[in-house]
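**Student:** File name my_file_29.cif; file contents mmCIF, C-alpha atoms and all ligand atoms; full text below.
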```
data_target
loop_
_atom_site.group_PDB
_atom_site.id
_atom_site.type_symbol
_atom_site.label_atom_id
_atom_site.label_comp_id
_atom_site.auth_asym_id
_atom_site.auth_seq_id
_atom_site.Cartn_x
_atom_site.Cartn_y
_atom_site.Cartn_z
ATOM 1 C CA MET R 1 97.922 104.655 130.668
ATOM 2 C CA THR R 2 94.855 102.803 129.452
ATOM 3 C CA ARG R 3 91.720 104.105 127.851
ATOM 4 C CA GLU R 4 89.607 103.024 130.821
ATOM 5 C CA SER R 5 91.568 105.384 133.025
ATOM 6 C CA GLY R 6 90.366 108.518 131.305
ATOM 7 C CA GLY R 7 91.439 110.763 128.509
ATOM 8 C CA TYR R 8 92.781 109.670 125.160
ATOM 9 C CA LEU R 9 93.300 110.759 121.580
ATOM 10 C CA ALA R 10 91.249 108.954 118.914
ATOM 11 C CA ILE R 11 92.509 109.264 115.339
ATOM 12 C CA CYS R 12 89.367 108.902 113.251
ATOM 13 C CA ALA R 13 89.313 108.040 109.539
ATOM 14 C CA THR R 14 86.566 109.661 107.487
ATOM 15 C CA PRO R 15 85.179 108.961 103.977
ATOM 16 C CA ILE R 16 87.275 109.823 100.883
ATOM 17 C CA GLY R 17 84.153 110.800 98.975
ATOM 18 C CA ASN R 18 81.261 108.540 99.823
ATOM 19 C CA MET R 19 79.513 109.338 103.110
ATOM 20 C CA GLY R 20 78.240 105.776 103.210
ATOM 21 C CA ASP R 21 81.777 104.689 104.091
ATOM 22 C CA ILE R 22 81.629 106.210 107.570
ATOM 23 C CA SER R 23 81.623 103.500 110.207
ATOM 24 C CA GLN R 24 79.410 103.185 113.251
ATOM 25 C CA ARG R 25 82.494 103.148 115.448
ATOM 26 C CA ILE R 26 83.705 106.472 114.044
ATOM 27 C CA LEU R 27 80.269 108.041 114.529
ATOM 28 C CA ASP R 28 80.122 106.751 118.111
ATOM 29 C CA GLU R 29 83.600 108.099 118.815
ATOM 30 C CA LEU R 30 82.871 111.522 117.295
ATOM 31 C CA GLU R 31 79.650 111.745 119.285
ATOM 32 C CA ALA R 32 81.275 110.679 122.555
ATOM 33 C CA ALA R 33 84.296 112.971 122.131
ATOM 34 C CA ASP R 34 84.621 116.052 124.329
ATOM 35 C CA ALA R 35 86.056 117.902 121.334
ATOM 36 C CA ILE R 36 86.996 117.171 117.739
ATOM 37 C CA TYR R 37 90.205 118.701 116.389
ATOM 38 C CA ALA R 38 89.803 119.009 112.624
ATOM 39 C CA GLU R 39 92.083 119.810 109.701
ATOM 40 C CA ASP R 40 89.199 121.497 107.890
ATOM 41 C CA THR R 41 86.406 122.610 110.188
ATOM 42 C CA ARG R 42 84.003 123.262 107.294
ATOM 43 C CA VAL R 43 84.326 119.734 105.948
ATOM 44 C CA THR R 44 84.033 118.219 109.412
ATOM 45 C CA ARG R 45 81.008 120.318 110.394
ATOM 46 C CA LYS R 46 79.247 119.167 107.233
ATOM 47 C CA LEU R 47 79.989 115.547 108.118
ATOM 48 C CA LEU R 48 78.745 116.015 111.683
ATOM 49 C CA ALA R 49 75.589 117.798 110.525
ATOM 50 C CA ARG R 50 74.832 114.944 108.160
ATOM 51 C CA PHE R 51 74.892 112.487 111.081
ATOM 52 C CA GLY R 52 73.316 114.783 113.670
ATOM 53 C CA ILE R 53 76.432 115.052 115.859
ATOM 54 C CA SER R 54 76.873 118.258 117.835
ATOM 55 C CA THR R 55 80.343 117.780 119.380
ATOM 56 C CA GLN R 56 82.371 120.998 119.355
ATOM 57 C CA VAL R 57 84.937 121.283 116.572
ATOM 58 C CA ARG R 58 88.316 123.025 116.873
ATOM 59 C CA ARG R 59 90.525 124.129 113.996
ATOM 60 C CA CYS R 60 93.731 122.110 113.797
ATOM 61 C CA ASP R 61 95.200 122.637 110.334
ATOM 62 C CA GLU R 62 98.884 122.701 109.405
ATOM 63 C CA ASN R 63 99.252 126.361 110.430
ATOM 64 C CA VAL R 64 97.959 125.982 113.968
ATOM 65 C CA THR R 65 98.838 122.385 114.870
ATOM 66 C CA ASN R 66 101.883 123.343 116.952
ATOM 67 C CA ARG R 67 99.787 125.825 118.884
ATOM 68 C CA MET R 68 96.942 123.371 119.444
ATOM 69 C CA ILE R 69 99.042 120.439 120.653
ATOM 70 C CA PRO R 70 99.664 121.739 124.218
ATOM 71 C CA GLN R 71 95.950 122.463 124.631
ATOM 72 C CA MET R 72 95.082 118.995 123.407
ATOM 73 C CA ILE R 73 97.583 117.399 125.771
ATOM 74 C CA GLU R 74 96.236 119.401 128.681
ATOM 75 C CA GLU R 75 92.684 118.317 127.911
ATOM 76 C CA ILE R 76 93.592 114.649 127.500
ATOM 77 C CA SER R 77 95.621 114.743 130.740
ATOM 78 C CA GLY R 78 92.526 116.116 132.442
ATOM 79 C CA GLY R 79 90.508 113.110 131.259
ATOM 80 C CA ALA R 80 89.035 114.408 127.990
ATOM 81 C CA LYS R 81 88.319 112.199 124.988
ATOM 82 C CA ILE R 82 89.725 114.033 121.991
ATOM 83 C CA ALA R 83 89.039 113.012 118.392
ATOM 84 C CA PHE R 84 91.253 114.086 115.506
ATOM 85 C CA VAL R 85 90.018 114.073 111.903
ATOM 86 C CA SER R 86 91.675 115.228 108.708
ATOM 87 C CA ASP R 87 90.000 116.550 105.607
ATOM 88 C CA ALA R 88 89.291 113.027 104.326
ATOM 89 C CA GLY R 89 90.564 109.498 104.746
ATOM 90 C CA THR R 90 93.007 108.239 107.331
ATOM 91 C CA PRO R 91 94.774 111.014 109.233
ATOM 92 C CA CYS R 92 98.588 110.930 109.132
ATOM 93 C CA ILE R 93 98.699 109.472 105.592
ATOM 94 C CA SER R 94 99.805 112.546 103.590
ATOM 95 C CA ASP R 95 97.655 114.419 106.101
ATOM 96 C CA PRO R 96 98.233 116.255 109.361
ATOM 97 C CA GLY R 97 97.974 114.103 112.419
ATOM 98 C CA GLN R 98 101.362 112.442 112.726
ATOM 99 C CA ARG R 99 102.802 115.332 114.770
ATOM 100 C CA VAL R 100 99.766 115.225 117.035
ATOM 101 C CA VAL R 101 100.100 111.470 117.600
ATOM 102 C CA ALA R 102 103.839 111.783 118.287
ATOM 103 C CA ALA R 103 103.346 114.622 120.787
ATOM 104 C CA VAL R 104 100.495 112.889 122.616
ATOM 105 C CA ARG R 105 102.516 109.677 122.854
ATOM 106 C CA GLU R 106 105.556 111.659 123.983
ATOM 107 C CA ALA R 107 103.397 113.062 126.797
ATOM 108 C CA GLY R 108 102.701 109.483 127.886
ATOM 109 C CA LEU R 109 99.026 109.666 126.949
ATOM 110 C CA ASP R 110 96.877 107.089 125.256
ATOM 111 C CA VAL R 111 96.273 107.071 121.496
ATOM 112 C CA THR R 112 93.912 104.866 119.554
ATOM 113 C CA VAL R 113 93.223 104.750 115.819
ATOM 114 C CA ILE R 114 89.811 103.968 114.439
ATOM 115 C CA PRO R 115 90.496 102.692 110.934
ATOM 116 C CA GLY R 116 88.559 103.527 107.829
ATOM 117 C CA PRO R 117 88.874 104.722 104.242
ATOM 118 C CA ASN R 118 92.217 105.422 102.622
ATOM 119 C CA ALA R 119 92.751 106.351 98.966
ATOM 120 C CA ALA R 120 96.111 104.599 98.525
ATOM 121 C CA LEU R 121 94.878 101.175 99.605
ATOM 122 C CA THR R 122 91.576 101.582 97.778
ATOM 123 C CA ALA R 123 93.435 102.311 94.520
ATOM 124 C CA LEU R 124 95.870 99.434 95.074
ATOM 125 C CA ALA R 125 93.027 96.989 95.678
ATOM 126 C CA GLY R 126 91.189 98.221 92.587
ATOM 127 C CA SER R 127 94.247 98.104 90.308
ATOM 128 C CA GLY R 128 94.326 94.316 90.122
ATOM 129 C CA PHE R 129 98.139 94.489 90.401
ATOM 130 C CA SER R 130 100.001 92.216 92.766
ATOM 131 C CA CYS R 131 99.511 93.514 96.315
ATOM 132 C CA LYS R 132 102.162 91.211 97.792
ATOM 133 C CA SER R 133 104.291 94.202 98.616
ATOM 134 C CA PHE R 134 103.846 97.876 97.950
ATOM 135 C CA PHE R 135 105.528 101.225 98.442
ATOM 136 C CA PHE R 136 103.569 104.379 99.222
ATOM 137 C CA GLY R 137 105.384 107.526 98.147
ATOM 138 C CA GLY R 138 102.886 110.258 99.067
ATOM 139 C CA PHE R 139 102.801 113.083 96.515
ATOM 140 C CA LEU R 140 105.292 112.954 93.628
ATOM 141 C CA PRO R 141 107.626 115.967 93.334
ATOM 142 C CA ARG R 142 106.166 118.755 91.192
ATOM 143 C CA LYS R 143 109.321 119.407 89.162
ATOM 144 C CA ALA R 144 109.864 117.023 86.245
ATOM 145 C CA GLY R 145 113.556 116.415 86.992
ATOM 146 C CA GLU R 146 112.971 115.651 90.647
ATOM 147 C CA ARG R 147 109.976 113.493 89.783
ATOM 148 C CA GLU R 148 112.075 111.446 87.390
ATOM 149 C CA ARG R 149 114.865 111.045 89.954
ATOM 150 C CA THR R 150 112.366 109.892 92.583
ATOM 151 C CA LEU R 151 110.866 107.324 90.225
ATOM 152 C CA ARG R 152 114.268 106.075 89.023
ATOM 153 C CA SER R 153 115.326 105.532 92.631
ATOM 154 C CA LEU R 154 112.412 103.090 92.934
ATOM 155 C CA GLU R 155 113.053 101.167 89.704
ATOM 156 C CA SER R 156 114.516 98.089 91.319
ATOM 157 C CA LEU R 157 111.980 97.851 94.137
ATOM 158 C CA ASP R 158 109.982 94.637 93.842
ATOM 159 C CA ALA R 159 106.707 96.279 94.847
ATOM 160 C CA ALA R 160 103.707 98.175 93.520
ATOM 161 C CA LEU R 161 104.346 101.935 93.754
ATOM 162 C CA ILE R 162 101.518 104.172 94.951
ATOM 163 C CA PHE R 163 101.423 107.966 94.672
ATOM 164 C CA TYR R 164 98.933 110.712 95.300
ATOM 165 C CA GLU R 165 98.713 113.328 92.572
ATOM 166 C CA SER R 166 96.768 116.484 91.912
ATOM 167 C CA ASN R 167 94.435 116.393 88.915
ATOM 168 C CA HIS R 168 96.243 119.124 87.015
ATOM 169 C CA ARG R 169 99.635 117.415 87.322
ATOM 170 C CA THR R 170 98.391 113.905 86.544
ATOM 171 C CA TYR R 171 99.199 113.959 82.823
ATOM 172 C CA ASP R 172 102.743 115.248 83.397
ATOM 173 C CA ALA R 173 103.290 112.666 86.110
ATOM 174 C CA LEU R 174 102.077 109.879 83.818
ATOM 175 C CA LYS R 175 104.404 111.041 81.041
ATOM 176 C CA THR R 176 107.377 110.774 83.415
ATOM 177 C CA ILE R 177 106.115 107.396 84.638
ATOM 178 C CA ALA R 178 105.910 106.158 81.009
ATOM 179 C CA GLN R 179 109.499 107.323 80.451
ATOM 180 C CA VAL R 180 110.867 105.583 83.532
ATOM 181 C CA PHE R 181 108.701 102.448 83.398
ATOM 182 C CA PRO R 182 108.005 101.783 79.688
ATOM 183 C CA GLU R 183 107.568 98.064 80.374
ATOM 184 C CA ARG R 184 105.032 98.297 83.196
ATOM 185 C CA ARG R 185 101.332 98.893 83.584
ATOM 186 C CA VAL R 186 99.868 101.739 85.557
ATOM 187 C CA CYS R 187 96.492 102.438 87.146
ATOM 188 C CA MET R 188 95.132 105.962 87.329
ATOM 189 C CA ALA R 189 92.375 105.830 89.953
ATOM 190 C CA ARG R 190 90.214 108.937 90.028
ATOM 191 C CA GLU R 191 87.319 110.033 92.222
ATOM 192 C CA LEU R 192 87.356 106.767 94.171
ATOM 193 C CA THR R 193 84.090 105.928 95.927
ATOM 194 C CA LYS R 194 82.369 108.903 94.222
ATOM 195 C CA LEU R 195 79.831 109.185 91.427
ATOM 196 C CA HIS R 196 82.441 109.607 88.695
ATOM 197 C CA GLU R 197 84.843 106.939 89.917
ATOM 198 C CA GLU R 198 87.258 105.942 87.144
ATOM 199 C CA TYR R 199 90.056 103.405 86.803
ATOM 200 C CA LEU R 200 92.331 103.762 83.766
ATOM 201 C CA ILE R 201 94.586 100.711 83.566
ATOM 202 C CA GLY R 202 97.051 99.834 80.821
ATOM 203 C CA SER R 203 100.655 100.149 79.763
ATOM 204 C CA THR R 204 102.198 103.356 81.062
ATOM 205 C CA GLN R 205 102.361 104.742 77.494
ATOM 206 C CA GLU R 206 98.713 103.857 76.760
ATOM 207 C CA VAL R 207 97.423 105.492 79.920
ATOM 208 C CA ALA R 208 99.534 108.630 79.437
ATOM 209 C CA ALA R 209 98.435 108.899 75.785
ATOM 210 C CA SER R 210 94.780 108.390 76.642
ATOM 211 C CA LEU R 211 94.933 111.363 79.010
ATOM 212 C CA ALA R 212 96.616 113.714 76.537
ATOM 213 C CA ASP R 213 93.432 115.468 75.490
ATOM 214 C CA ARG R 214 92.073 115.595 79.062
ATOM 215 C CA ALA R 215 95.286 116.946 80.602
ATOM 216 C CA GLU R 216 93.789 120.361 81.322
ATOM 217 C CA SER R 217 90.242 119.304 82.071
ATOM 218 C CA LEU R 218 90.837 116.307 84.351
ATOM 219 C CA LYS R 219 88.782 116.845 87.492
ATOM 220 C CA GLY R 220 88.740 115.390 90.965
ATOM 221 C CA GLU R 221 91.206 113.459 93.076
ATOM 222 C CA VAL R 222 93.754 111.068 91.666
ATOM 223 C CA THR R 223 95.844 108.194 92.990
ATOM 224 C CA ILE R 224 98.388 106.462 90.740
ATOM 225 C CA VAL R 225 99.522 102.850 91.145
ATOM 226 C CA ILE R 226 102.471 101.485 89.153
ATOM 227 C CA GLU R 227 102.564 97.734 88.720
ATOM 228 C CA PRO R 228 105.441 95.857 90.393
ATOM 229 C CA PRO R 229 108.213 94.794 88.002
ATOM 230 C CA ALA R 230 107.809 91.458 86.264
ATOM 231 C CA ARG R 231 109.260 88.858 88.622
ATOM 232 C CA GLY R 232 112.748 89.774 89.718
ATOM 233 C CA GLY R 233 112.377 93.295 88.368
ATOM 234 C CA LYS R 234 115.227 95.003 86.531
ATOM 235 C CA ALA R 235 117.627 92.793 88.326
ATOM 236 C CA ALA R 236 116.453 89.808 86.309
ATOM 237 C CA ASP R 237 117.884 89.827 82.821
ATOM 238 C CA ALA R 238 115.733 88.905 79.864
ATOM 239 C CA GLY R 239 117.061 85.339 79.838
ATOM 240 C CA ASP R 240 116.186 84.781 83.487
ATOM 241 C CA LEU R 241 112.757 86.165 82.949
ATOM 242 C CA ARG R 242 112.108 83.896 79.986
ATOM 243 C CA GLY R 243 113.272 80.966 82.114
ATOM 244 C CA GLN R 244 110.888 81.952 84.900
ATOM 245 C CA ILE R 245 108.019 82.284 82.456
ATOM 246 C CA ALA R 246 108.824 78.902 80.903
ATOM 247 C CA ALA R 247 108.959 77.293 84.358
ATOM 248 C CA ARG R 248 105.573 78.742 85.252
ATOM 249 C CA ALA R 249 104.176 77.690 81.858
ATOM 250 C CA GLU R 250 105.372 74.154 82.517
ATOM 251 C CA GLU R 251 103.569 74.135 85.863
ATOM 252 C CA LEU R 252 100.351 75.315 84.270
ATOM 253 C CA LEU R 253 100.638 72.825 81.393
ATOM 254 C CA ALA R 254 101.263 70.028 83.884
ATOM 255 C CA GLU R 255 98.031 70.886 85.689
ATOM 256 C CA GLY R 256 96.422 69.914 82.376
ATOM 257 C CA ASN R 257 93.158 71.813 82.749
ATOM 258 C CA ALA R 258 93.771 74.930 80.664
ATOM 259 C CA LYS R 259 94.176 75.494 76.926
ATOM 260 C CA PRO R 260 97.499 76.962 75.655
ATOM 261 C CA SER R 261 95.725 80.240 74.860
ATOM 262 C CA GLU R 262 94.371 80.448 78.431
ATOM 263 C CA ILE R 263 97.807 79.696 79.854
ATOM 264 C CA ALA R 264 99.316 82.386 77.594
ATOM 265 C CA LYS R 265 96.751 84.886 78.852
ATOM 266 C CA ALA R 266 97.531 84.041 82.478
ATOM 267 C CA LEU R 267 101.291 84.320 81.863
ATOM 268 C CA ALA R 268 100.891 87.649 80.072
ATOM 269 C CA LEU R 269 99.019 89.039 83.067
ATOM 270 C CA GLU R 270 101.357 87.577 85.664
ATOM 271 C CA PHE R 271 104.605 88.639 83.980
ATOM 272 C CA GLY R 272 103.425 91.770 82.185
ATOM 273 C CA ILE R 273 104.423 90.504 78.732
ATOM 274 C CA ALA R 274 102.512 90.451 75.429
ATOM 275 C CA LYS R 275 100.077 87.578 75.003
ATOM 276 C CA GLY R 276 101.715 86.608 71.684
ATOM 277 C CA GLU R 277 105.098 86.282 73.374
ATOM 278 C CA ALA R 278 103.600 84.158 76.143
ATOM 279 C CA TYR R 279 101.840 81.981 73.572
ATOM 280 C CA ASP R 280 105.147 81.345 71.751
ATOM 281 C CA ILE R 281 106.743 80.152 75.010
ATOM 282 C CA VAL R 282 103.838 77.799 75.723
ATOM 283 C CA GLN R 283 103.869 76.468 72.165
ATOM 284 C CA GLU R 284 107.648 75.857 72.254
ATOM 285 C CA LEU R 285 107.240 73.850 75.450
ATOM 286 C CA LYS R 286 104.378 71.839 73.981
ATOM 287 C CA ASP R 287 106.350 71.129 70.783
ATOM 288 C CA SER R 288 109.425 69.986 72.693
ATOM 289 C CA SER R 289 107.415 67.605 74.866
ATOM 290 C CA GLU R 290 105.654 65.927 71.909
HETATM 291 N N1 LIG Y 1 94.714 110.804 104.283
HETATM 292 C C1 LIG Y 1 94.073 110.611 103.017
HETATM 293 C C2 LIG Y 1 93.862 109.106 102.791
HETATM 294 O O1 LIG Y 1 93.867 108.370 103.776
HETATM 295 O O2 LIG Y 1 93.638 108.681 101.658
HETATM 296 C C3 LIG Y 1 94.860 111.256 101.886
HETATM 297 C C4 LIG Y 1 95.038 112.729 102.056
HETATM 298 S S1 LIG Y 1 95.977 113.511 100.808
HETATM 299 C C5 LIG Y 1 96.069 115.150 101.451
HETATM 300 C C6 LIG Y 1 94.798 113.741 99.527
HETATM 301 C C7 LIG Y 1 95.173 112.981 98.250
HETATM 302 O O3 LIG Y 1 94.691 111.648 98.343
HETATM 303 C C8 LIG Y 1 94.490 113.534 97.009
HETATM 304 O O4 LIG Y 1 95.223 114.615 96.462
HETATM 305 C C9 LIG Y 1 94.493 112.334 96.089
HETATM 306 O O5 LIG Y 1 95.751 112.169 95.487
HETATM 307 C C10 LIG Y 1 94.240 111.193 97.085
HETATM 308 N N2 LIG Y 1 92.787 110.961 97.189
HETATM 309 C C11 LIG Y 1 91.966 111.353 98.182
HETATM 310 N N3 LIG Y 1 90.697 110.996 97.922
HETATM 311 C C12 LIG Y 1 90.719 110.359 96.727
HETATM 312 C C13 LIG Y 1 89.719 109.761 95.918
HETATM 313 N N4 LIG Y 1 88.450 109.771 96.285
HETATM 314 N N5 LIG Y 1 90.108 109.185 94.741
HETATM 315 C C14 LIG Y 1 91.411 109.170 94.372
HETATM 316 N N6 LIG Y 1 92.395 109.712 95.099
HETATM 317 C C15 LIG Y 1 92.067 110.304 96.259
#
```
Go ahead and render the structure in this file as structure tokens.
**Tutor:**
Amino acid sequence: MTRESGGYLAICATPIGNMGDISQRILDELEAADAIYAEDTRVTRKLLARFGISTQVRRCDENVTNRMIPQMIEEISGGAKIAFVSDAGTPCISDPGQRVVAAVREAGLDVTVIPGPNAALTALAGSGFSCKSFFFGGFLPRKAGERERTLRSLESLDAALIFYESNHRTYDALKTIAQVFPERRVCMARELTKLHEEYLIGSTQEVAASLADRAESLKGEVTIVIEPPARGGKAADAGDLRGQIAARAEELLAEGNAKPSEIAKALALEFGIAKGEAYDIVQELKDSSE
């Protein structure tokens, strides 16, 4: 079935804090829809009021989704354009919506997604960590033991690790992260796109320690990004890693347009090692080639 032939479901992403992030396409879709199914009708009505949209809104939170799906399918089958929005961001990403999409597809009906804001990708982009590959883990388990097990199971993954976290569990989560990943950096991204947007980036211990006296008072929404392991991750032993760093240092020295201190800085960032250690490697290479 194609969209031209009639009804369809449009999954619509909404801002994660800044209303300016709404897109024209989303507004057009919400306005043209016959009905909007919303995770939180209050939030959605506010959004619609702000943009002067009067489409009817139906409650479709976790508790009523199963009940609403048959009605939605009936409407779409009859030719209706149905929009689905979650509380904020991209529906289906740690949000209701996935069950709706699966059921509508199962019924052989058309689904389209209108992309927009998403906290996980916003935090990853803002972290400055390698984005070559990443793992999104949703919310970390609440219990410390389970949280640690989850993180340990991801130790050897050669990817940035992204998690959603509630503000009042952020400090505890960062303490576990520091325990499991003492050699990595972490980014605590809070209130993204909002007035009090904050990125705290540093070694896992530094970031955990710097939140110690704000543990109880930390406000707003938080996304945590853990840097990927230094090349090769845990699998690479220290010797291999030093060899990789030396090889990269050689490349940079051969380019001939950066000072040893600049090369050391670049290596420290790329491999997540101390600048002094990187400088020693560069200096050793320089000495042996003279
Ligand atoms: N579907 C949404 C998305 O696309 O980002 C995520 C929904 S999930 C229920 C909500 C969680 O996302 C929050 O608890 C927080 O961890 C993260 N989050 C949402 N908005 C955020 C923001 N403005 N800054 C940082 N994290 C945010």
**Student:** Could you give me, as a PyMOL selection string, the residues within 12 Å of R:Thr150, counting all atoms listed in the file and dropping anything in the same chain fewer than 4 positions from it?
**Tutor:** chain R and resi 137-146+154-155+161+163+173+176-177+180
**Student:** Taking the file above as input, evaluate the PyMOL selection byres (((chain R and resi 47-53) around 10) and not hetatm) and report the hits as a list in words.
**Tutor:**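 When the PyMOL selection byres (((chain R and resi 47-53) around 10) and not hetatm) is applied to the shown file, the picked residues are Thr14, Pro15, Met19, Ile22, Leu27, Asp28, Leu30, Glu31, Ala32, Thr41, Arg42, Val43, Thr44, Arg45, Lys46, Ser54, Thr55, Gln56 and Val57 of chain R.
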**Student:** So how many Å separate atom CA of R:Cys187 and atom CA of R:Ile11, to one decimal?
**Tutor:**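 These two atoms are separated by 29.3 Å.
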**Student:** May I have the residues within 6 Å of ligand LIG 1 (chain Y), computed using all atoms listed in the file, as an MDAnalysis selection string?
**Tutor:** chainID R and resid 16:17 88:91 93:95 118:120 164:166 189:193 221:223
**Student:** Evaluate the PyMOL selection byres (((chain R and resi 212) around 12) and not hetatm) here and jot the selected residues down as a list in words.
**Tutor:**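 Going through the file, the PyMOL selection byres (((chain R and resi 212) around 12) and not hetatm) ends up selecting His168, Arg169, Thr170, Tyr171, Asp172, Ala173, Leu174, Lys175, Gln205, Glu206, Val207, Ala208, Ala209, Ser210, Leu211, Asp213, Arg214, Ala215, Glu216, Ser217 and Leu218 of chain R.
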**Student:** Using all atoms listed in the file, which residue out of R:Leu151, R:Leu124, R:Ala38, R:Ile76 lies closest to R:Val64?
**Tutor:** R:Ala38
**Student:** With distances taken over only C-alpha atoms, which of R:Leu253, R:Ile69, R:Ala159, R:Ala266 is nearest to R:Ala230?
**Tutor:**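 Of all the options, R:Ala159 lies closest to R:Ala230.
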**Student:** Can you pull out the residues contacting R:Arg67? Cut-off 12 Å, using all atoms listed in the file, and skip same-chain residues under 5 positions away; I want them as a PyMOL selection string.
**Tutor:** chain R and resi 58-62+72-73+99-100+103
**Student:** Within 8 Å of (85.6, 113.2, 118.2) in the file's own coordinates, which protein, DNA or RNA residues have an atom, counting only C-alpha atoms? List them as a ChimeraX atom specification.
**Tutor:** /R:10,12,29-37,55,81-85
**Student:** Using all atoms listed in the file, pick whichever of R:Glu198, R:Asp287, R:Glu227, R:Glu277 has the shortest atom-to-atom distance to R:Ile162.
**Tutor:**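 Result for the nearest residue to R:Ile162: R:Glu227.
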**Student:** Could you check which residues have any atom within 9 Å of (99.1, 78.1, 80.8), counting all atoms listed in the file with coordinates taken straight from the file, and then list them as a compact mmCIF listing (two decimals) with C-alpha atoms, in the coordinates of the input?
**Tutor:**
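out34.txt, freshly written:
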```txt
# COMPACT_ATOMS: atom_id res chain seq x y z
CA ARG R 248 105.57 78.74 85.25
CA ALA R 249 104.18 77.69 81.86
CA GLU R 250 105.37 74.15 82.52
CA GLU R 251 103.57 74.14 85.86
CA LEU R 252 100.35 75.32 84.27
CA LEU R 253 100.64 72.82 81.39
CA ALA R 254 101.26 70.03 83.88
CA GLU R 255 98.03 70.89 85.69
CA GLY R 256 96.42 69.91 82.38
CA ASN R 257 93.16 71.81 82.75
CA ALA R 258 93.77 74.93 80.66
CA LYS R 259 94.18 75.49 76.93
CA PRO R 260 97.50 76.96 75.66
CA SER R 261 95.72 80.24 74.86
CA GLU R 262 94.37 80.45 78.43
CA ILE R 263 97.81 79.70 79.85
CA ALA R 264 99.32 82.39 77.59
CA LYS R 265 96.75 84.89 78.85
CA ALA R 266 97.53 84.04 82.48
CA LEU R 267 101.29 84.32 81.86
CA ALA R 278 103.60 84.16 76.14
CA TYR R 279 101.84 81.98 73.57
CA VAL R 282 103.84 77.80 75.72
```
**Student:** Kindly give the distance, in Å, that separates atom CA of R:Ser153 and atom CA of R:Phe135, rounded to a single decimal.
**Tutor:**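 The value is 12.2 Å.
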**Student:** How far is it from atom CA of R:Val113 to atom CA of R:Asp87, in Å with one decimal?
**Tutor:**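 Atom CA of R:Asp87 lies 15.9 Å from atom CA of R:Val113.
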**Student:** Set up a box along x, y and z of the file covering all listed atoms of stretch 10-15 of chain R, add 8 Å on every one of the six sides, and write the centre and edge lengths in Å to one decimal, as lines of an AutoDock Vina configuration file.
**Tutor:**
```
center_x = 88.8
center_y = 108.9
center_z = 111.4
size_x = 23.3
size_y = 17.6
size_z = 30.9
```
**Student:** Could you tell me which of R:Met188, R:Ala123, R:Ala102, R:Ile273 comes closest to R:Pro229 if we count all atoms listed in the file?
**Tutor:**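 With all atoms listed in the file as the atom set, the closest residue is R:Ile273.
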**Student:** Which one of R:Cys131, R:Arg147, R:Leu109, R:Gly272 sits closest to R:Ser77 if you count all atoms listed in the file?
**Tutor:** R:Leu109
**Student:** At the level of C-alpha atoms, write stretch 13-35 of chain R to a file as a PDB file, in the first residue's frame, please.
**Tutor:**
```pdb
ATOM      1  CA  ALA R  13       9.595  13.362  16.168  1.00  0.00           C
ATOM      2  CA  THR R  14       9.145  16.372  18.432  1.00  0.00           C
ATOM      3  CA  PRO R  15      11.635  18.673  20.231  1.00  0.00           C
ATOM      4  CA  ILE R  16      13.618  17.366  23.242  1.00  0.00           C
ATOM      5  CA  GLY R  17      13.431  20.762  24.907  1.00  0.00           C
ATOM      6  CA  ASN R  18      13.731  23.545  22.387  1.00  0.00           C
ATOM      7  CA  MET R  19      10.541  24.307  20.452  1.00  0.00           C
ATOM      8  CA  GLY R  20      12.656  25.853  17.722  1.00  0.00           C
ATOM      9  CA  ASP R  21      13.709  22.331  16.745  1.00  0.00           C
ATOM     10  CA  ILE R  22      10.282  21.435  15.370  1.00  0.00           C
ATOM     11  CA  SER R  23      10.421  21.028  11.613  1.00  0.00           C
ATOM     12  CA  GLN R  24       8.059  22.407   9.010  1.00  0.00           C
ATOM     13  CA  ARG R  25       7.384  18.883   7.802  1.00  0.00           C
ATOM     14  CA  ILE R  26       6.291  17.755  11.268  1.00  0.00           C
ATOM     15  CA  LEU R  27       4.012  20.782  11.643  1.00  0.00           C
ATOM     16  CA  ASP R  28       2.488  20.131   8.213  1.00  0.00           C
ATOM     17  CA  GLU R  29       1.938  16.475   9.072  1.00  0.00           C
ATOM     18  CA  LEU R  30       0.370  17.233  12.466  1.00  0.00           C
ATOM     19  CA  GLU R  31      -1.916  19.800  10.864  1.00  0.00           C
ATOM     20  CA  ALA R  32      -2.948  17.503   8.012  1.00  0.00           C
ATOM     21  CA  ALA R  33      -3.522  14.483  10.274  1.00  0.00           C
ATOM     22  CA  ASP R  34      -7.070  13.308  10.950  1.00  0.00           C
ATOM     23  CA  ALA R  35      -6.010  12.515  14.514  1.00  0.00           C
TER      24      ALA R  35
END
```
